[in-house]
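Peer 1: This one is query_7.cif, mmCIF, C-alpha atoms.
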data_my_file
loop_
_atom_site.group_PDB
_atom_site.id
_atom_site.type_symbol
_atom_site.label_atom_id
_atom_site.label_comp_id
_atom_site.auth_asym_id
_atom_site.auth_seq_id
_atom_site.Cartn_x
_atom_site.Cartn_y
_atom_site.Cartn_z
ATOM 1 C CA MET A 166 -49.174 -9.266 4.192
ATOM 2 C CA ALA A 167 -45.899 -8.909 2.266
ATOM 3 C CA PHE A 168 -44.849 -11.900 0.189
ATOM 4 C CA THR A 169 -41.419 -13.394 0.943
ATOM 5 C CA HIS A 170 -39.504 -15.511 -1.526
ATOM 6 C CA THR A 171 -38.140 -18.650 0.088
ATOM 7 C CA THR A 172 -36.549 -21.867 -1.120
ATOM 8 C CA ASP A 173 -39.935 -23.532 -0.595
ATOM 9 C CA ASN A 174 -41.986 -21.289 -2.860
ATOM 10 C CA SER A 175 -39.356 -20.402 -5.505
ATOM 11 C CA ALA A 176 -38.479 -22.299 -8.662
ATOM 12 C CA LYS A 177 -35.955 -25.073 -8.220
ATOM 13 C CA GLY A 178 -33.316 -23.106 -10.091
ATOM 14 C CA TRP A 179 -33.257 -20.615 -7.200
ATOM 15 C CA SER A 180 -32.257 -23.294 -4.696
ATOM 16 C CA PRO A 181 -29.848 -25.672 -6.422
ATOM 17 C CA ASP A 182 -29.368 -29.020 -4.740
ATOM 18 C CA VAL A 183 -26.205 -29.544 -2.687
ATOM 19 C CA ILE A 184 -26.051 -33.012 -1.204
ATOM 20 C CA GLY A 185 -23.335 -34.409 1.030
ATOM 21 C CA PHE A 186 -22.822 -38.165 1.277
ATOM 22 C CA ALA A 187 -20.717 -40.234 3.638
ATOM 23 C CA PRO A 188 -17.854 -41.609 1.485
ATOM 24 C CA ALA A 189 -18.495 -45.172 2.638
ATOM 25 C CA ASP A 190 -21.984 -44.959 1.124
ATOM 26 C CA VAL A 191 -21.180 -43.566 -2.324
ATOM 27 C CA VAL A 192 -17.495 -44.409 -2.905
ATOM 28 C CA PRO A 193 -17.048 -47.626 -0.904
ATOM 29 C CA ASP A 194 -14.495 -48.928 -3.412
ATOM 30 C CA ALA A 195 -12.096 -46.044 -2.752
ATOM 31 C CA LEU A 196 -8.824 -47.540 -1.503
ATOM 32 C CA ILE A 197 -8.281 -44.881 1.143
ATOM 33 C CA LEU A 198 -11.385 -46.045 3.023
ATOM 34 C CA SER A 199 -10.405 -49.711 3.239
ATOM 35 C CA THR A 200 -6.611 -49.514 3.569
ATOM 36 C CA SER A 201 -6.022 -46.569 5.916
ATOM 37 C CA THR A 202 -7.121 -45.387 9.340
ATOM 38 C CA VAL A 203 -9.431 -42.399 8.941
ATOM 39 C CA SER A 204 -8.408 -39.989 11.692
ATOM 40 C CA GLY A 205 -10.212 -36.733 10.918
ATOM 41 C CA ARG A 206 -11.552 -34.332 8.345
ATOM 42 C CA VAL A 207 -10.578 -30.874 7.167
ATOM 43 C CA GLU A 208 -11.740 -28.203 4.745
ATOM 44 C CA GLY A 209 -9.287 -26.235 2.618
ATOM 45 C CA ASP A 210 -5.815 -26.833 1.195
ATOM 46 C CA GLU A 211 -3.929 -25.027 3.955
ATOM 47 C CA PRO A 212 -5.096 -26.713 7.205
ATOM 48 C CA ALA A 213 -3.739 -30.107 8.190
ATOM 49 C CA VAL A 214 -5.038 -32.830 10.484
ATOM 50 C CA ARG A 215 -2.496 -33.390 13.257
ATOM 51 C CA VAL A 216 -2.557 -37.084 14.123
ATOM 52 C CA ILE A 217 -0.822 -37.788 17.440
ATOM 53 C CA TRP A 218 0.790 -41.125 18.230
ATOM 54 C CA VAL A 219 3.220 -42.645 20.723
ATOM 55 C CA ASP A 220 6.488 -44.384 19.914
ATOM 56 C CA ASP A 221 6.615 -46.867 22.790
ATOM 57 C CA ASP A 222 9.559 -47.157 25.170
ATOM 58 C CA GLU A 223 10.726 -50.510 26.556
ATOM 59 C CA ALA A 224 9.278 -52.143 29.671
ATOM 60 C CA ASP A 225 11.443 -54.444 31.822
ATOM 61 C CA PHE A 226 11.527 -56.608 34.929
ATOM 62 C CA VAL A 227 12.249 -55.066 38.322
ATOM 63 C CA ALA A 228 13.037 -56.659 41.665
ATOM 64 C CA GLU A 229 10.405 -56.730 44.372
ATOM 65 C CA GLY A 230 10.365 -53.352 46.036
ATOM 66 C CA GLY A 231 13.038 -52.086 43.657
ATOM 67 C CA PRO A 232 12.932 -48.740 41.891
ATOM 68 C CA ILE A 233 11.291 -48.561 38.464
ATOM 69 C CA ASP A 234 13.111 -46.548 35.865
ATOM 70 C CA GLU A 235 11.081 -43.827 34.220
ATOM 71 C CA ALA A 236 10.106 -44.548 30.629
ATOM 72 C CA GLU A 237 10.512 -41.916 27.943
ATOM 73 C CA PRO A 238 8.074 -42.711 25.143
ATOM 74 C CA ASP A 239 8.273 -40.334 22.192
ATOM 75 C CA LEU A 240 5.127 -38.266 21.716
ATOM 76 C CA ASN A 241 4.913 -37.752 17.965
ATOM 77 C CA GLU A 242 2.542 -36.333 15.409
ATOM 78 C CA THR A 243 1.970 -36.826 11.706
ATOM 79 C CA LEU A 244 0.515 -34.079 9.529
ATOM 80 C CA VAL A 245 -2.144 -35.091 7.026
ATOM 81 C CA TYR A 246 -2.766 -32.567 4.272
ATOM 82 C CA THR A 247 -5.629 -33.004 1.852
ATOM 83 C CA GLY A 248 -6.502 -32.245 -1.735
ATOM 84 C CA LYS A 249 -9.850 -31.941 -3.480
ATOM 85 C CA VAL A 250 -10.800 -34.055 -6.477
ATOM 86 C CA ALA A 251 -13.626 -32.648 -8.565
ATOM 87 C CA GLN A 252 -15.520 -33.113 -11.792
ATOM 88 C CA LEU A 253 -17.991 -30.771 -13.486
ATOM 89 C CA VAL A 254 -20.390 -31.989 -16.186
ATOM 90 C CA ARG A 255 -22.547 -29.730 -18.362
ATOM 91 C CA VAL A 256 -25.656 -31.085 -20.071
ATOM 92 C CA SER A 257 -28.746 -29.521 -21.566
ATOM 93 C CA ARG A 258 -31.784 -29.371 -19.337
ATOM 94 C CA GLU A 259 -33.683 -31.629 -21.706
ATOM 95 C CA GLN A 260 -30.916 -34.241 -21.701
ATOM 96 C CA TYR A 261 -30.586 -34.134 -17.933
ATOM 97 C CA ARG A 262 -34.302 -34.797 -17.475
ATOM 98 C CA THR A 263 -34.581 -37.517 -20.105
ATOM 99 C CA GLY A 264 -35.007 -41.077 -18.881
ATOM 100 C CA ARG A 265 -32.212 -42.179 -16.546
ATOM 101 C CA SER A 266 -29.759 -39.481 -17.636
ATOM 102 C CA ALA A 267 -29.447 -37.898 -14.184
ATOM 103 C CA GLU A 268 -28.796 -41.256 -12.531
ATOM 104 C CA LEU A 269 -26.287 -42.414 -15.147
ATOM 105 C CA LEU A 270 -24.418 -39.116 -15.111
ATOM 106 C CA SER A 271 -24.211 -39.189 -11.309
ATOM 107 C CA ASP A 272 -22.774 -42.717 -11.448
ATOM 108 C CA SER A 273 -20.265 -41.622 -14.085
ATOM 109 C CA VAL A 274 -19.088 -38.701 -11.965
ATOM 110 C CA ARG A 275 -18.774 -40.971 -8.936
ATOM 111 C CA ARG A 276 -16.654 -43.475 -10.861
ATOM 112 C CA ALA A 277 -14.407 -40.718 -12.191
ATOM 113 C CA VAL A 278 -13.832 -39.346 -8.698
ATOM 114 C CA VAL A 279 -12.995 -42.808 -7.308
ATOM 115 C CA LYS A 280 -10.529 -43.546 -10.120
ATOM 116 C CA ARG A 281 -8.725 -40.251 -9.598
ATOM 117 C CA ALA A 282 -8.766 -40.668 -5.819
ATOM 118 C CA ASN A 283 -7.232 -44.145 -6.027
ATOM 119 C CA ARG A 284 -4.528 -42.914 -8.386
ATOM 120 C CA ALA A 285 -3.726 -40.015 -6.070
ATOM 121 C CA TYR A 286 -3.734 -42.207 -2.953
ATOM 122 C CA LEU A 287 -1.110 -44.492 -4.454
ATOM 123 C CA ALA A 288 0.906 -42.550 -7.014
ATOM 124 C CA GLN A 289 0.418 -38.785 -6.645
ATOM 125 C CA PRO A 290 3.835 -37.060 -6.983
ATOM 126 C CA ALA A 291 5.021 -35.293 -3.858
ATOM 127 C CA PRO A 292 4.290 -31.547 -3.858
ATOM 128 C CA VAL A 293 7.255 -29.250 -4.322
ATOM 129 C CA GLY A 294 7.841 -26.945 -1.350
ATOM 130 C CA PRO A 295 6.390 -24.794 -0.057
ATOM 131 C CA ASP A 296 3.279 -26.482 -1.488
ATOM 132 C CA THR A 297 1.669 -29.127 0.693
ATOM 133 C CA THR A 298 -1.112 -30.303 -1.583
ATOM 134 C CA PRO A 299 -2.052 -32.521 -3.322
ATOM 135 C CA PRO A 300 -0.334 -34.827 -0.802
ATOM 136 C CA ALA A 301 2.098 -37.473 -2.036
ATOM 137 C CA GLY A 302 0.800 -40.949 -2.802
ATOM 138 C CA LEU A 303 1.960 -43.894 -0.714
ATOM 139 C CA LEU A 304 4.401 -45.098 -3.381
ATOM 140 C CA ASN A 305 6.177 -41.743 -3.309
ATOM 141 C CA LEU A 306 6.765 -41.770 0.440
ATOM 142 C CA ASN A 307 9.710 -43.344 2.224
ATOM 143 C CA ILE A 308 8.388 -46.898 2.409
ATOM 144 C CA SER A 309 10.343 -50.162 2.330
ATOM 145 C CA GLU A 310 11.410 -51.841 -0.910
ATOM 146 C CA ASP A 311 13.897 -54.431 0.359
ATOM 147 C CA PHE A 312 12.542 -57.683 -1.008
ATOM 148 C CA GLY A 313 12.452 -57.043 -4.747
ATOM 149 C CA TYR A 314 10.626 -59.515 -6.953
ATOM 150 C CA VAL A 315 7.957 -62.078 -6.090
ATOM 151 C CA GLY A 316 8.367 -65.250 -8.133
ATOM 152 C CA PRO A 317 8.644 -68.047 -8.989
ATOM 153 C CA ASP A 318 7.463 -68.507 -5.390
ATOM 154 C CA LEU A 319 5.940 -66.317 -2.683
ATOM 155 C CA ASP A 320 9.001 -66.194 -0.414
ATOM 156 C CA ALA A 321 9.600 -62.456 -0.851
ATOM 157 C CA LEU A 322 5.977 -61.752 0.016
ATOM 158 C CA ALA A 323 6.237 -63.901 3.143
ATOM 159 C CA ASP A 324 9.393 -62.015 4.150
ATOM 160 C CA ALA A 325 7.610 -58.671 3.732
ATOM 161 C CA VAL A 326 4.730 -59.813 5.953
ATOM 162 C CA ALA A 327 7.214 -61.055 8.563
ATOM 163 C CA ASP A 328 9.127 -57.765 8.527
ATOM 164 C CA ILE A 329 5.922 -55.786 9.065
ATOM 165 C CA GLU A 330 5.238 -57.942 12.115
ATOM 166 C CA THR A 331 8.831 -57.530 13.326
ATOM 167 C CA ALA A 332 8.297 -53.761 13.143
ATOM 168 C CA GLY A 333 5.325 -54.120 15.492
ATOM 169 C CA GLY A 334 2.552 -54.107 12.885
ATOM 170 C CA THR A 335 0.152 -56.573 11.316
ATOM 171 C CA ALA A 336 -0.185 -56.849 7.558
ATOM 172 C CA THR A 337 -3.833 -56.255 6.655
ATOM 173 C CA HIS A 338 -4.007 -55.788 2.860
ATOM 174 C CA ILE A 339 -2.172 -56.290 -0.412
ATOM 175 C CA ILE A 340 -2.806 -53.819 -3.210
ATOM 176 C CA ALA A 341 -1.907 -55.241 -6.630
ATOM 177 C CA ALA A 342 -1.799 -54.029 -10.179
ATOM 178 C CA PRO A 343 -4.043 -56.160 -12.428
ATOM 179 C CA ASP A 344 -1.043 -57.511 -14.367
ATOM 180 C CA ALA A 345 0.732 -58.367 -11.097
ATOM 181 C CA TRP A 346 -2.260 -60.400 -9.916
ATOM 182 C CA ALA A 347 -2.463 -62.074 -13.331
ATOM 183 C CA ALA A 348 1.229 -63.032 -13.126
ATOM 184 C CA LEU A 349 0.724 -64.510 -9.647
ATOM 185 C CA ARG A 350 -2.204 -66.566 -10.912
ATOM 186 C CA LYS A 351 0.085 -68.010 -13.580
ATOM 187 C CA LEU A 352 2.651 -69.279 -11.069
ATOM 188 C CA LYS A 353 2.678 -73.085 -11.053
ATOM 189 C CA THR A 354 3.490 -75.593 -8.327
ATOM 190 C CA GLY A 355 6.312 -77.037 -10.433
ATOM 191 C CA THR A 356 8.220 -76.538 -13.666
ATOM 192 C CA ALA A 357 6.211 -79.105 -15.624
ATOM 193 C CA SER A 358 2.931 -78.558 -13.760
ATOM 194 C CA ASN A 359 -0.254 -76.831 -14.859
ATOM 195 C CA VAL A 360 -1.498 -76.583 -11.264
ATOM 196 C CA SER A 361 -1.645 -72.985 -10.085
ATOM 197 C CA LEU A 362 0.348 -72.089 -6.990
ATOM 198 C CA LEU A 363 -2.678 -70.079 -5.840
ATOM 199 C CA GLY A 364 -5.033 -73.002 -6.225
ATOM 200 C CA ALA A 365 -6.887 -71.808 -9.315
ATOM 201 C CA GLY A 366 -8.010 -74.428 -11.786
ATOM 202 C CA THR A 367 -11.181 -74.059 -13.783
ATOM 203 C CA GLU A 368 -12.536 -71.969 -10.888
ATOM 204 C CA ASP A 369 -11.142 -68.480 -10.382
ATOM 205 C CA ALA A 370 -8.879 -67.936 -7.406
ATOM 206 C CA GLU A 371 -10.174 -65.879 -4.530
ATOM 207 C CA LYS A 372 -8.171 -62.685 -4.288
ATOM 208 C CA ARG A 373 -6.169 -63.582 -1.189
ATOM 209 C CA LEU A 374 -2.483 -64.190 -0.571
ATOM 210 C CA LEU A 375 -1.050 -65.575 2.667
ATOM 211 C CA GLY A 376 -4.457 -65.020 4.214
ATOM 212 C CA LEU A 377 -4.547 -61.324 3.265
ATOM 213 C CA PRO A 378 -7.206 -59.753 1.008
ATOM 214 C CA VAL A 379 -5.849 -58.571 -2.342
ATOM 215 C CA LEU A 380 -7.289 -55.401 -3.880
ATOM 216 C CA THR A 381 -6.525 -55.035 -7.582
ATOM 217 C CA THR A 382 -6.512 -51.597 -9.162
ATOM 218 C CA PRO A 383 -5.071 -49.993 -12.298
ATOM 219 C CA ALA A 384 -3.948 -47.147 -10.032
ATOM 220 C CA MET A 385 -1.088 -49.404 -8.891
ATOM 221 C CA THR A 386 2.106 -49.237 -10.941
ATOM 222 C CA SER A 387 2.383 -52.025 -13.509
ATOM 223 C CA GLY A 388 3.648 -55.268 -11.989
ATOM 224 C CA GLY A 389 3.555 -53.814 -8.485
ATOM 225 C CA LEU A 390 2.372 -55.062 -5.113
ATOM 226 C CA LEU A 391 1.996 -53.048 -1.925
ATOM 227 C CA VAL A 392 1.801 -54.964 1.349
ATOM 228 C CA LEU A 393 0.546 -52.765 4.160
ATOM 229 C CA ASP A 394 -0.704 -52.417 7.679
ATOM 230 C CA LYS A 395 -3.688 -50.074 7.494
ATOM 231 C CA THR A 396 -2.976 -48.752 10.997
ATOM 232 C CA ALA A 397 0.352 -47.401 9.702
ATOM 233 C CA ILE A 398 -1.510 -45.075 7.316
ATOM 234 C CA VAL A 399 -3.530 -42.176 8.702
ATOM 235 C CA SER A 400 -5.976 -40.272 6.564
ATOM 236 C CA ALA A 401 -8.438 -37.413 6.521
ATOM 237 C CA VAL A 402 -11.626 -37.857 4.509
ATOM 238 C CA GLY A 403 -14.494 -35.443 3.936
ATOM 239 C CA ASP A 404 -17.993 -35.942 2.576
ATOM 240 C CA VAL A 405 -18.591 -36.496 -1.109
ATOM 241 C CA ILE A 406 -20.478 -33.353 -2.164
ATOM 242 C CA VAL A 407 -22.792 -33.593 -5.176
ATOM 243 C CA SER A 408 -24.342 -30.362 -6.471
ATOM 244 C CA THR A 409 -26.617 -29.463 -9.364
ATOM 245 C CA SER A 410 -27.398 -25.977 -10.622
ATOM 246 C CA GLU A 411 -29.265 -24.343 -13.469
ATOM 247 C CA HIS A 412 -27.585 -20.989 -12.755
ATOM 248 C CA ALA A 413 -24.062 -21.545 -14.061
ATOM 249 C CA TYR A 414 -25.264 -22.163 -17.634
ATOM 250 C CA PHE A 415 -28.510 -20.207 -17.382
ATOM 251 C CA ALA A 416 -28.075 -18.539 -20.797
ATOM 252 C CA SER A 417 -27.878 -21.901 -22.574
ATOM 253 C CA ASP A 418 -30.637 -23.660 -20.589
ATOM 254 C CA SER A 419 -28.166 -26.244 -19.333
ATOM 255 C CA VAL A 420 -27.584 -27.998 -16.029
ATOM 256 C CA ALA A 421 -24.266 -28.188 -14.167
ATOM 257 C CA LEU A 422 -23.539 -31.392 -12.242
ATOM 258 C CA ARG A 423 -20.571 -31.142 -9.883
ATOM 259 C CA CYS A 424 -18.944 -33.633 -7.546
ATOM 260 C CA THR A 425 -16.127 -32.879 -5.093
ATOM 261 C CA TRP A 426 -14.285 -34.980 -2.546
ATOM 262 C CA ARG A 427 -11.486 -33.885 -0.219
ATOM 263 C CA PHE A 428 -9.086 -36.461 1.205
ATOM 264 C CA GLY A 429 -5.450 -37.070 2.054
ATOM 265 C CA ALA A 430 -3.172 -39.601 3.729
ATOM 266 C CA ASN A 431 0.261 -39.924 5.278
ATOM 267 C CA VAL A 432 2.352 -42.748 6.729
ATOM 268 C CA VAL A 433 3.077 -43.064 10.441
ATOM 269 C CA HIS A 434 5.304 -46.159 10.253
ATOM 270 C CA PRO A 435 7.046 -46.455 6.855
ATOM 271 C CA ASP A 436 8.542 -49.827 7.858
ATOM 272 C CA ARG A 437 5.038 -51.320 7.871
ATOM 273 C CA LEU A 438 4.524 -50.848 4.129
ATOM 274 C CA TYR A 439 6.429 -52.845 1.520
ATOM 275 C CA LYS A 440 6.562 -52.274 -2.207
ATOM 276 C CA LEU A 441 7.351 -55.372 -4.278
ATOM 277 C CA GLU A 442 7.163 -56.361 -7.912
ATOM 278 C CA VAL A 443 5.997 -59.607 -9.474
ATOM 279 C CA GLU A 444 8.585 -61.242 -11.660
ATOM 280 C CA PRO A 445 7.230 -61.963 -15.148
ATOM 281 C CA VAL A 446 6.369 -65.629 -15.476
ATOM 282 C CA ASP A 447 8.686 -66.034 -18.475
ATOM 283 C CA GLY A 448 11.579 -64.831 -16.331
ATOM 284 C CA SER A 449 12.371 -61.952 -18.628
ATOM 285 C CA GLY A 450 12.170 -59.321 -15.900
ATOM 286 C CA SER A 451 15.181 -57.655 -14.345
ATOM 287 C CA GLY A 452 14.559 -59.514 -11.103
ATOM 288 C CA SER A 453 15.320 -62.924 -12.633
ATOM 289 C CA ASP A 454 19.087 -62.648 -12.122
#
Show this structure as structure tokens.

Peer 2:
Amino acid sequence: MAFTHTTDNSAKGWSPDVIGFAPADVVPDALILSTSTVSGRVEGDEPAVRVIWVDDDEADFVAEGGPIDEAEPDLNETLVYTGKVAQLVRVSREQYRTGRSAELLSDSVRRAVVKRANRAYLAQPAPVGPDTTPPAGLLNLNISEDFGYVGPDLDALADAVADIETAGGTATHIIAAPDAWAALRKLKTGTASNVSLLGAGTEDAEKRLLGLPVLTTPAMTSGGLLVLDKTAIVSAVGDVIVSTSEHAYFASDSVALRCTWRFGANVVHPDRLYKLEVEPVDGSGSGSD
């Protein structure tokens, strides 16, 4: 009987591992998962996910038995293009199989992908036509910036939340730069008071403002806050693909560890996202006039 080489009876190098993970399992701290509405998935830079939505028309009272005017809701769509974030690590076979090296390297690659994904989700520059990818970050889309600085109180933040509701949305999250959250924690209840406006004393303040969860990330521009309704942001997210191979660097007896993740987002209702800045506590910022 003729012998057949298969992935079961061949050396591991002949069948390199390719493992796909649900993003929520391996990159749960990625902002796109918690602050957008995942509406589909796509492979490749060219295709887009077409997210359909309805811009409601008005309803009104009618007299008993009277004619009802026909409504004309707008049937719209938003295109979501995606980009792929990747990292490739090369290590010797001996290093890869020593102790916890494989585990630690996998964690490192995961963290690197999340950091880059968060930065792209918020601050990626818009592509120059005819390019469509990588898609623009939220801060580079046409979102609202009407309320300026937050401080020495939270009035501007309250106005932003109210405007999102006026536009038909519901504020769900606040994304803050670490220095913006630090400045908010320093706000006091009065000029001569040491009592924090956010309620922090010797115990750290829970990261919430006006009842909304606050997510701090260095991917946010310094001093910035983004108040958003996650239903106003549509996204496409693929699996996180982790691959290892001994083929790529076969001549040097090394292992290649690769991680890729494709994702993208776009805004359906720009008036349901508000960019603000926190005024420096010392009042030296340009918003103190």

Peer 1: Would you translate the PyMOL selection byres ((chain A and resi 249-255) around 10) into the concrete set of residues it matches in this file, as a PyMOL selection string?

Peer 2: chain A and resi 208-210+247-248+256-258+261+270-271+273-275+277-279+281-282+285+298-299+403+405-411+413-414+419-429

Peer 1: Quick one, how far is CA of Leu380 (chain A) from CA of Asn283 (chain A)?

Peer 2: 11.5 Å

Peer 1: List the spatial neighbours of region 215-230 of chain A as a count of residues only - criterion: any atom at most 8 Å away, all atoms listed in the file, same-chain residues fewer than 2 positions off excluded.

Peer 2: 15

Peer 1: Running the PyMOL selection byres ((chain A and resi 304) around 7) on this model by hand, what would come out? Give it as a ChimeraX atom specification.

Peer 2: /A:287-288,302-303,305-306

Peer 1: In Å, how far is it from CA of Thr297 (chain A) to CA of Pro212 (chain A)?

Peer 2: 9.7 Å

Peer 1: Mind pulling up the distance from CA of Leu198 (chain A) to CA of Tyr246 (chain A)?

Peer 2: 16.0 Å
